[in-house]
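Participant: Data: input_22.csv, CSV, C-alpha atoms and all ligand atoms.
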chain,number,residue,atom,x,y,z
A,1,MET,CA,-73.6,24.9,-49.6
A,2,PRO,CA,-72.5,28.3,-51.1
A,3,THR,CA,-72.6,28.3,-54.9
A,4,ASP,CA,-70.4,31.3,-55.5
A,5,ALA,CA,-67.0,29.7,-54.8
A,6,ASP,CA,-63.9,31.6,-55.7
A,7,PRO,CA,-61.3,29.6,-57.6
A,8,SER,CA,-58.6,30.7,-55.1
A,9,ASP,CA,-60.6,28.9,-52.3
A,10,SER,CA,-59.0,25.6,-53.2
A,11,ALA,CA,-55.5,26.8,-52.4
A,12,LEU,CA,-56.6,28.2,-49.0
A,13,SER,CA,-58.9,25.5,-47.6
A,14,VAL,CA,-58.4,21.8,-47.0
A,15,GLN,CA,-60.3,19.4,-49.2
A,16,TRP,CA,-62.6,17.4,-46.9
A,17,PRO,CA,-63.0,14.5,-47.1
A,18,LEU,CA,-60.1,13.4,-49.2
A,19,ALA,CA,-61.0,12.0,-52.6
A,20,GLN,CA,-58.8,9.0,-51.8
A,21,PRO,CA,-58.4,8.3,-48.1
A,22,TRP,CA,-55.0,7.2,-47.1
A,23,PRO,CA,-55.1,3.9,-45.3
A,24,LEU,CA,-53.9,4.5,-41.7
A,25,HIS,CA,-53.3,2.2,-38.8
A,26,PRO,CA,-53.5,3.9,-35.5
A,27,PRO,CA,-51.7,5.0,-33.5
A,28,GLN,CA,-50.5,7.7,-35.8
A,29,ARG,CA,-46.8,7.8,-36.0
A,30,LEU,CA,-45.5,11.4,-35.8
A,31,VAL,CA,-42.0,12.5,-36.8
A,32,VAL,CA,-41.2,16.1,-35.6
A,33,LEU,CA,-38.6,18.3,-37.2
A,34,ALA,CA,-37.1,21.1,-35.0
A,35,SER,CA,-34.2,23.5,-35.1
A,36,GLY,CA,-34.4,25.4,-31.9
A,37,GLN,CA,-35.9,25.3,-28.4
A,38,GLY,CA,-38.4,22.6,-29.1
A,39,SER,CA,-41.3,23.9,-27.0
A,40,ASN,CA,-43.8,22.9,-29.7
A,41,PHE,CA,-42.2,19.5,-29.9
A,42,GLU,CA,-42.7,19.1,-26.2
A,43,ALA,CA,-46.3,20.3,-26.4
A,44,LEU,CA,-47.0,17.7,-29.0
A,45,VAL,CA,-45.5,14.9,-26.9
A,46,ALA,CA,-47.5,16.1,-23.9
A,47,ALA,CA,-50.7,16.0,-26.0
A,48,CYS,CA,-50.0,12.5,-27.2
A,49,ARG,CA,-49.4,11.4,-23.7
A,50,SER,CA,-52.6,13.0,-22.4
A,51,LEU,CA,-56.2,12.7,-23.4
A,52,SER,CA,-56.0,15.6,-26.0
A,53,LEU,CA,-54.7,13.3,-28.7
A,54,GLY,CA,-56.5,10.3,-27.5
A,55,GLY,CA,-53.9,8.8,-25.1
A,56,GLN,CA,-54.3,7.7,-21.6
A,57,PRO,CA,-52.3,9.6,-18.9
A,58,HIS,CA,-51.6,6.5,-16.9
A,59,GLY,CA,-50.9,4.0,-19.7
A,60,GLY,CA,-52.6,0.8,-20.6
A,61,GLN,CA,-54.4,1.9,-23.7
A,62,ARG,CA,-53.3,2.6,-27.2
A,63,LEU,CA,-52.4,6.2,-28.0
A,64,ALA,CA,-54.2,7.8,-31.0
A,65,ALA,CA,-50.8,9.4,-31.9
A,66,GLN,CA,-47.3,9.1,-30.7
A,67,VAL,CA,-44.1,11.0,-31.5
A,68,VAL,CA,-41.7,8.3,-32.6
A,69,LEU,CA,-38.8,10.4,-33.6
A,70,LEU,CA,-37.4,14.0,-33.3
A,71,VAL,CA,-35.1,15.2,-36.1
A,72,VAL,CA,-32.9,18.2,-35.4
A,73,ASN,CA,-30.5,20.0,-37.7
A,74,ASN,CA,-28.6,22.0,-35.0
A,75,PRO,CA,-26.4,19.9,-32.7
A,76,GLY,CA,-26.9,20.8,-29.1
A,77,CYS,CA,-30.2,22.6,-29.7
A,78,GLY,CA,-32.8,22.8,-26.9
A,79,ALA,CA,-35.1,20.4,-28.7
A,80,GLU,CA,-32.4,17.7,-28.5
A,81,ALA,CA,-32.2,18.1,-24.7
A,82,ARG,CA,-36.0,17.9,-24.4
A,83,ALA,CA,-36.1,14.7,-26.4
A,84,ALA,CA,-33.5,13.1,-24.0
A,85,ARG,CA,-35.6,14.2,-21.0
A,86,LEU,CA,-38.9,13.0,-22.6
A,87,GLY,CA,-37.4,9.7,-23.8
A,88,ILE,CA,-38.0,10.3,-27.5
A,89,PRO,CA,-35.4,9.1,-30.0
A,90,CYS,CA,-33.5,12.0,-31.6
A,91,GLN,CA,-31.6,12.0,-34.9
A,92,LEU,CA,-29.3,14.7,-35.9
A,93,ILE,CA,-29.4,15.6,-39.6
A,94,ASN,CA,-27.1,18.5,-39.9
A,95,HIS,CA,-27.9,20.7,-43.0
A,96,ARG,CA,-24.2,21.8,-43.0
A,97,ASP,CA,-23.3,18.2,-44.0
A,98,HIS,CA,-25.5,18.5,-47.1
A,99,PRO,CA,-24.5,20.3,-50.3
A,100,SER,CA,-28.1,21.2,-51.3
A,101,ARG,CA,-31.6,21.5,-50.0
A,102,ALA,CA,-32.5,18.4,-52.0
A,103,SER,CA,-29.8,16.4,-50.4
A,104,LEU,CA,-31.0,17.4,-47.0
A,105,ASP,CA,-34.6,16.5,-47.9
A,106,ASP,CA,-33.5,13.1,-49.2
A,107,ALA,CA,-32.0,12.4,-45.8
A,108,LEU,CA,-35.1,13.6,-44.0
A,109,ILE,CA,-37.3,11.4,-46.2
A,110,ALA,CA,-35.1,8.4,-45.4
A,111,ALA,CA,-35.3,9.1,-41.7
A,112,CYS,CA,-39.1,9.5,-41.8
A,113,GLN,CA,-39.5,6.4,-43.8
A,114,GLN,CA,-37.3,4.4,-41.5
A,115,ALA,CA,-39.5,5.7,-38.6
A,116,GLN,CA,-42.6,4.7,-40.5
A,117,ALA,CA,-44.1,8.1,-40.2
A,118,ASP,CA,-47.7,8.8,-40.9
A,119,LEU,CA,-47.4,12.5,-40.3
A,120,VAL,CA,-44.4,14.8,-40.3
A,121,VAL,CA,-44.6,18.0,-38.3
A,122,MET,CA,-42.3,20.9,-38.8
A,123,ALA,CA,-42.2,22.5,-35.3
A,124,GLY,CA,-39.8,25.4,-35.6
A,125,TRP,CA,-37.9,23.8,-38.5
A,126,MET,CA,-35.9,26.7,-39.8
A,127,ARG,CA,-35.0,25.2,-43.2
A,128,ILE,CA,-36.8,25.8,-46.5
A,129,VAL,CA,-38.0,22.4,-47.7
A,130,THR,CA,-38.1,21.3,-51.4
A,131,PRO,CA,-41.0,19.7,-53.3
A,132,LEU,CA,-39.2,16.4,-52.7
A,133,LEU,CA,-40.3,16.3,-49.0
A,134,VAL,CA,-43.7,17.9,-49.7
A,135,GLN,CA,-44.4,15.2,-52.4
A,136,ALA,CA,-43.1,12.3,-50.2
A,137,TYR,CA,-45.7,13.3,-47.5
A,138,PRO,CA,-48.6,14.6,-49.5
A,139,ASP,CA,-51.0,16.3,-47.1
A,140,ARG,CA,-49.1,14.7,-44.3
A,141,LEU,CA,-46.5,17.4,-43.8
A,142,LEU,CA,-47.5,20.1,-41.3
A,143,ASN,CA,-45.9,23.4,-40.3
A,144,ILE,CA,-46.5,25.9,-37.4
A,145,HIS,CA,-45.9,29.6,-38.1
A,146,PRO,CA,-46.1,32.6,-35.7
A,147,SER,CA,-48.5,34.8,-37.7
A,148,LEU,CA,-52.0,34.7,-39.1
A,149,LEU,CA,-51.0,33.5,-42.6
A,150,PRO,CA,-51.0,34.7,-45.3
A,151,SER,CA,-49.8,37.8,-43.3
A,152,PHE,CA,-46.1,38.0,-42.3
A,153,ARG,CA,-44.7,35.0,-44.1
A,154,GLY,CA,-41.0,34.1,-43.8
A,155,LEU,CA,-38.4,35.1,-41.2
A,156,ASP,CA,-39.2,37.0,-38.0
A,157,ALA,CA,-43.0,37.1,-38.3
A,158,VAL,CA,-43.3,38.5,-34.8
A,159,GLY,CA,-40.9,41.4,-35.7
A,160,GLN,CA,-42.8,42.0,-39.0
A,161,ALA,CA,-46.1,42.2,-37.0
A,162,LEU,CA,-44.6,44.7,-34.5
A,163,ALA,CA,-43.1,46.8,-37.3
A,164,ALA,CA,-46.5,46.8,-39.1
A,165,GLY,CA,-48.2,48.1,-36.0
A,166,VAL,CA,-51.1,45.6,-36.2
A,167,GLN,CA,-53.3,45.1,-33.1
A,168,LEU,CA,-54.0,41.5,-33.9
A,169,THR,CA,-51.6,38.7,-34.9
A,170,GLY,CA,-51.5,35.0,-34.1
A,171,CYS,CA,-50.3,31.7,-35.3
A,172,THR,CA,-51.2,29.2,-38.0
A,173,ALA,CA,-50.8,25.4,-38.3
A,174,HIS,CA,-51.1,24.4,-41.9
A,175,LEU,CA,-50.5,21.7,-44.5
A,176,VAL,CA,-47.2,22.4,-46.3
A,177,ARG,CA,-47.0,23.3,-50.0
A,178,PRO,CA,-43.8,24.0,-51.9
A,179,GLU,CA,-44.2,27.8,-51.4
A,180,VAL,CA,-42.8,29.1,-48.1
A,181,ASP,CA,-45.4,29.4,-45.4
A,182,ALA,CA,-48.2,28.6,-47.7
A,183,GLY,CA,-50.8,25.8,-47.8
A,184,PRO,CA,-54.3,25.0,-46.5
A,185,VAL,CA,-54.8,26.3,-43.0
A,186,LEU,CA,-55.7,23.6,-40.4
A,187,VAL,CA,-56.0,25.8,-37.3
A,188,GLN,CA,-55.3,29.5,-36.5
A,189,ALA,CA,-55.3,31.3,-33.2
A,190,ALA,CA,-55.6,35.1,-32.9
A,191,VAL,CA,-53.4,36.8,-30.4
A,192,PRO,CA,-53.7,40.5,-29.5
A,193,VAL,CA,-50.7,42.9,-29.6
A,194,LEU,CA,-50.9,44.7,-26.3
A,195,PRO,CA,-49.6,48.2,-25.5
A,196,GLY,CA,-46.0,48.0,-24.4
A,197,ASP,CA,-45.4,44.6,-26.1
A,198,ASP,CA,-41.9,43.9,-27.2
A,199,HIS,CA,-40.6,41.0,-29.3
A,200,SER,CA,-40.2,38.8,-26.3
A,201,SER,CA,-43.6,39.4,-24.7
A,202,LEU,CA,-45.5,39.0,-28.0
A,203,SER,CA,-43.5,35.9,-29.0
A,204,ALA,CA,-44.3,34.3,-25.6
A,205,ARG,CA,-48.0,35.0,-26.0
A,206,ILE,CA,-48.1,33.6,-29.5
A,207,GLN,CA,-46.1,30.5,-28.5
A,208,ARG,CA,-48.7,29.6,-25.8
A,209,GLN,CA,-51.3,29.5,-28.5
A,210,GLU,CA,-49.0,27.5,-30.8
A,211,HIS,CA,-48.8,24.9,-28.1
A,212,ALA,CA,-52.6,24.7,-28.0
A,213,ILE,CA,-53.3,24.6,-31.8
A,214,LEU,CA,-50.5,22.3,-33.0
A,215,PRO,CA,-51.9,19.1,-31.4
A,216,LEU,CA,-55.4,20.1,-32.7
A,217,ALA,CA,-54.0,20.5,-36.2
A,218,VAL,CA,-52.3,17.0,-35.9
A,219,ALA,CA,-55.7,15.5,-34.8
A,220,LEU,CA,-57.4,17.2,-37.8
A,221,ALA,CA,-54.8,16.2,-40.3
A,222,ALA,CA,-55.0,12.6,-39.0
A,223,ALA,CA,-58.8,12.5,-39.0
A,224,ARG,CA,-58.8,13.8,-42.5
A,225,LEU,CA,-56.4,11.2,-43.8
A,226,ALA,CA,-58.4,8.5,-42.1
A,227,GLY,CA,-61.4,9.6,-44.2
B,1,LIG,C1,-42.2,28.8,-33.2
B,1,LIG,O1,-42.6,30.1,-32.8
B,1,LIG,C2,-42.5,28.6,-34.6
B,1,LIG,O2,-43.7,29.2,-35.0
B,1,LIG,C3,-41.4,29.2,-35.3
B,1,LIG,O3,-40.3,28.9,-34.5
B,1,LIG,C4,-40.7,28.8,-33.2
B,1,LIG,C5,-40.2,27.5,-32.6
B,1,LIG,O4,-40.3,27.4,-31.2
B,1,LIG,N1,-41.3,28.7,-36.7
B,1,LIG,P1,-39.9,26.1,-30.5
B,1,LIG,O5,-38.6,25.6,-31.0
B,1,LIG,O6,-41.0,25.1,-30.8
B,1,LIG,O7,-39.8,26.4,-29.0
Will you turn the file into structure tokens for me?

Facilitator:
Amino acid sequence: MPTDADPSDSALSVQWPLAQPWPLHPPQRLVVLASGQGSNFEALVAACRSLSLGGQPHGGQRLAAQVVLLVVNNPGCGAEARAARLGIPCQLINHRDHPSRASLDDALIAACQQAQADLVVMAGWMRIVTPLLVQAYPDRLLNIHPSLLPSFRGLDAVGQALAAGVQLTGCTAHLVRPEVDAGPVLVQAAVPVLPGDDHSSLSARIQRQEHAILPLAVALAAARLAG
């Protein structure tokens, strides 16, 4: 064990094991929040239905995790259509119907509680969350972001990376804290920026890695909570 720990380490790395393990009853119940195309949502559903999150491809056995609900904030978004195709219940909670971020988060908490969520995954959820949601799901709220955090927080991380001229970027799955795109990293994947890359080609390369690391991050978060 290193003895020269920096005090800032605690904000960057997950505490393992937890001081007080959260009692969990498998299968883990996942609620996914999405605003756009929902490709990460679909990757998570596929992982739950395959061996990578402990399920059995041809049924019969209990899954280690299952997506029990998709919440979208944009009516008609791609994620909504994917949920219909995949047979996952989908609930619209339109932020335009809420006067404040706190009011939106109250509605999200109610939906997650109703769904008896163990973990809540922000998979392309393009709303800033308040401490209300973070505190309702302590260490059980995950986010995926298309950069190697702490680089390129906030909007258009891919554009930020291209503008900065970096040769290496990537994606991060992390536990959510009240600060935007902050919190202990669960999994990161590095992605090269290749000569001739534009926004579209780099985004696609990053997204393929997001689809790989998000299920892994869910597995880690769940294992950590189980103690
Ligand atoms: C992902 O790249 C995610 O990192 C970002 O929004 C995108 C969502 O893509 N926050 P999708 O909706 O999962 O296809």

Participant: Show me, as a list of chain:residue names, the residues that have an atom within 12 Å of Ala190 (chain A) when counting all atoms listed in the file, minus same-chain residues fewer than 4 positions from it.

Facilitator: A:Pro146, A:Ser147, A:Leu148, A:Leu149, A:Val166, A:Gln167, A:Leu168, A:Thr169, A:Gly170, A:Cys171, A:Thr172, A:Leu202, A:Arg205, A:Ile206, A:Gln207, A:Arg208, A:Gln209, A:Glu210, A:Ala212, A:Ile213

Participant: Could you dump the residues just selected with C-alpha atoms as a PDB file, keeping the file's coordinate frame?

Facilitator:
ATOM      1  CA  PRO A 146     -46.100  32.600 -35.700  1.00  0.00           C
ATOM      2  CA  SER A 147     -48.500  34.800 -37.700  1.00  0.00           C
ATOM      3  CA  LEU A 148     -52.000  34.700 -39.100  1.00  0.00           C
ATOM      4  CA  LEU A 149     -51.000  33.500 -42.600  1.00  0.00           C
ATOM      5  CA  VAL A 166     -51.100  45.600 -36.200  1.00  0.00           C
ATOM      6  CA  GLN A 167     -53.300  45.100 -33.100  1.00  0.00           C
ATOM      7  CA  LEU A 168     -54.000  41.500 -33.900  1.00  0.00           C
ATOM      8  CA  THR A 169     -51.600  38.700 -34.900  1.00  0.00           C
ATOM      9  CA  GLY A 170     -51.500  35.000 -34.100  1.00  0.00           C
ATOM     10  CA  CYS A 171     -50.300  31.700 -35.300  1.00  0.00           C
ATOM     11  CA  THR A 172     -51.200  29.200 -38.000  1.00  0.00           C
ATOM     12  CA  LEU A 202     -45.500  39.000 -28.000  1.00  0.00           C
ATOM     13  CA  ARG A 205     -48.000  35.000 -26.000  1.00  0.00           C
ATOM     14  CA  ILE A 206     -48.100  33.600 -29.500  1.00  0.00           C
ATOM     15  CA  GLN A 207     -46.100  30.500 -28.500  1.00  0.00           C
ATOM     16  CA  ARG A 208     -48.700  29.600 -25.800  1.00  0.00           C
ATOM     17  CA  GLN A 209     -51.300  29.500 -28.500  1.00  0.00           C
ATOM     18  CA  GLU A 210     -49.000  27.500 -30.800  1.00  0.00           C
ATOM     19  CA  ALA A 212     -52.600  24.700 -28.000  1.00  0.00           C
ATOM     20  CA  ILE A 213     -53.300  24.600 -31.800  1.00  0.00           C
TER      21      ILE A 213
END

Participant: Can you build me a table of chain A residues sitting at most 8 Å from ligand LIG 1 (chain B), with the closest atom pair per residue and its distance in Å to one decimal, using only C-alpha atoms and all ligand atoms, sorted by chain and residue number, as a Markdown table?

Facilitator:
| residue | atom | partner | partner_atom | distance |
| --- | --- | --- | --- | --- |
| A:Ala34 | CA | B:LIG1 | O5 | 6.2 |
| A:Ser35 | CA | B:LIG1 | O5 | 6.4 |
| A:Gly36 | CA | B:LIG1 | O5 | 4.3 |
| A:Gln37 | CA | B:LIG1 | O5 | 3.8 |
| A:Gly38 | CA | B:LIG1 | O5 | 3.6 |
| A:Ser39 | CA | B:LIG1 | O7 | 3.5 |
| A:Asn40 | CA | B:LIG1 | O6 | 3.7 |
| A:Phe41 | CA | B:LIG1 | O6 | 5.8 |
| A:Glu42 | CA | B:LIG1 | O6 | 7.7 |
| A:Gly78 | CA | B:LIG1 | O5 | 7.6 |
| A:Ala79 | CA | B:LIG1 | O5 | 6.7 |
| A:Ala123 | CA | B:LIG1 | O6 | 5.3 |
| A:Gly124 | CA | B:LIG1 | C5 | 3.7 |
| A:Trp125 | CA | B:LIG1 | N1 | 6.2 |
| A:Met126 | CA | B:LIG1 | N1 | 6.5 |
| A:Asn143 | CA | B:LIG1 | N1 | 7.9 |
| A:Ile144 | CA | B:LIG1 | O2 | 4.9 |
| A:His145 | CA | B:LIG1 | O2 | 3.8 |
| A:Pro146 | CA | B:LIG1 | O2 | 4.2 |
| A:Ser147 | CA | B:LIG1 | O2 | 7.9 |
| A:Cys171 | CA | B:LIG1 | O2 | 7.1 |
| A:Ser203 | CA | B:LIG1 | O1 | 7.0 |
| A:Ile206 | CA | B:LIG1 | O1 | 7.3 |
| A:Gln207 | CA | B:LIG1 | O1 | 5.6 |
| A:Glu210 | CA | B:LIG1 | O2 | 7.0 |

Participant: Using CA of Arg101 (chain A) and CA of Ala115 (chain A) as the two end points, give the distance in Å to one decimal.

Facilitator: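 Between these atoms lies a distance of 21.0 Å.
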
Participant: Which residues, protein or nucleic acid, reach to within 12 Å of (-35.6, 12.8, -46.1) in the file's coordinates when using all atoms listed in the file, and can you give that as a ChimeraX atom specification?

Facilitator: /A:31,33,71,91,93-95,98,101-115,117,120,129-137

Participant: My list of candidates is A:Gln188, A:Asn74, A:Gln160, A:Ser201. Which is closest to Ala217 (chain A) when distances are computed with only C-alpha atoms?

Facilitator: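 Closest to Ala217 (chain A), using only C-alpha atoms: A:Gln188.
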
Participant: For CA of Pro184 (chain A) and CA of Leu225 (chain A), determine how far apart the two atoms are, in Å to one decimal place.

Facilitator: 14.2 Å

Participant: Taking all atoms listed in the file into account, which of A:Arg140, A:Met122, A:Gly154, A:Ala204 comes nearest Leu220 (chain A)?

Facilitator: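 Distance minimum relative to Leu220 (chain A) lands on A:Arg140.
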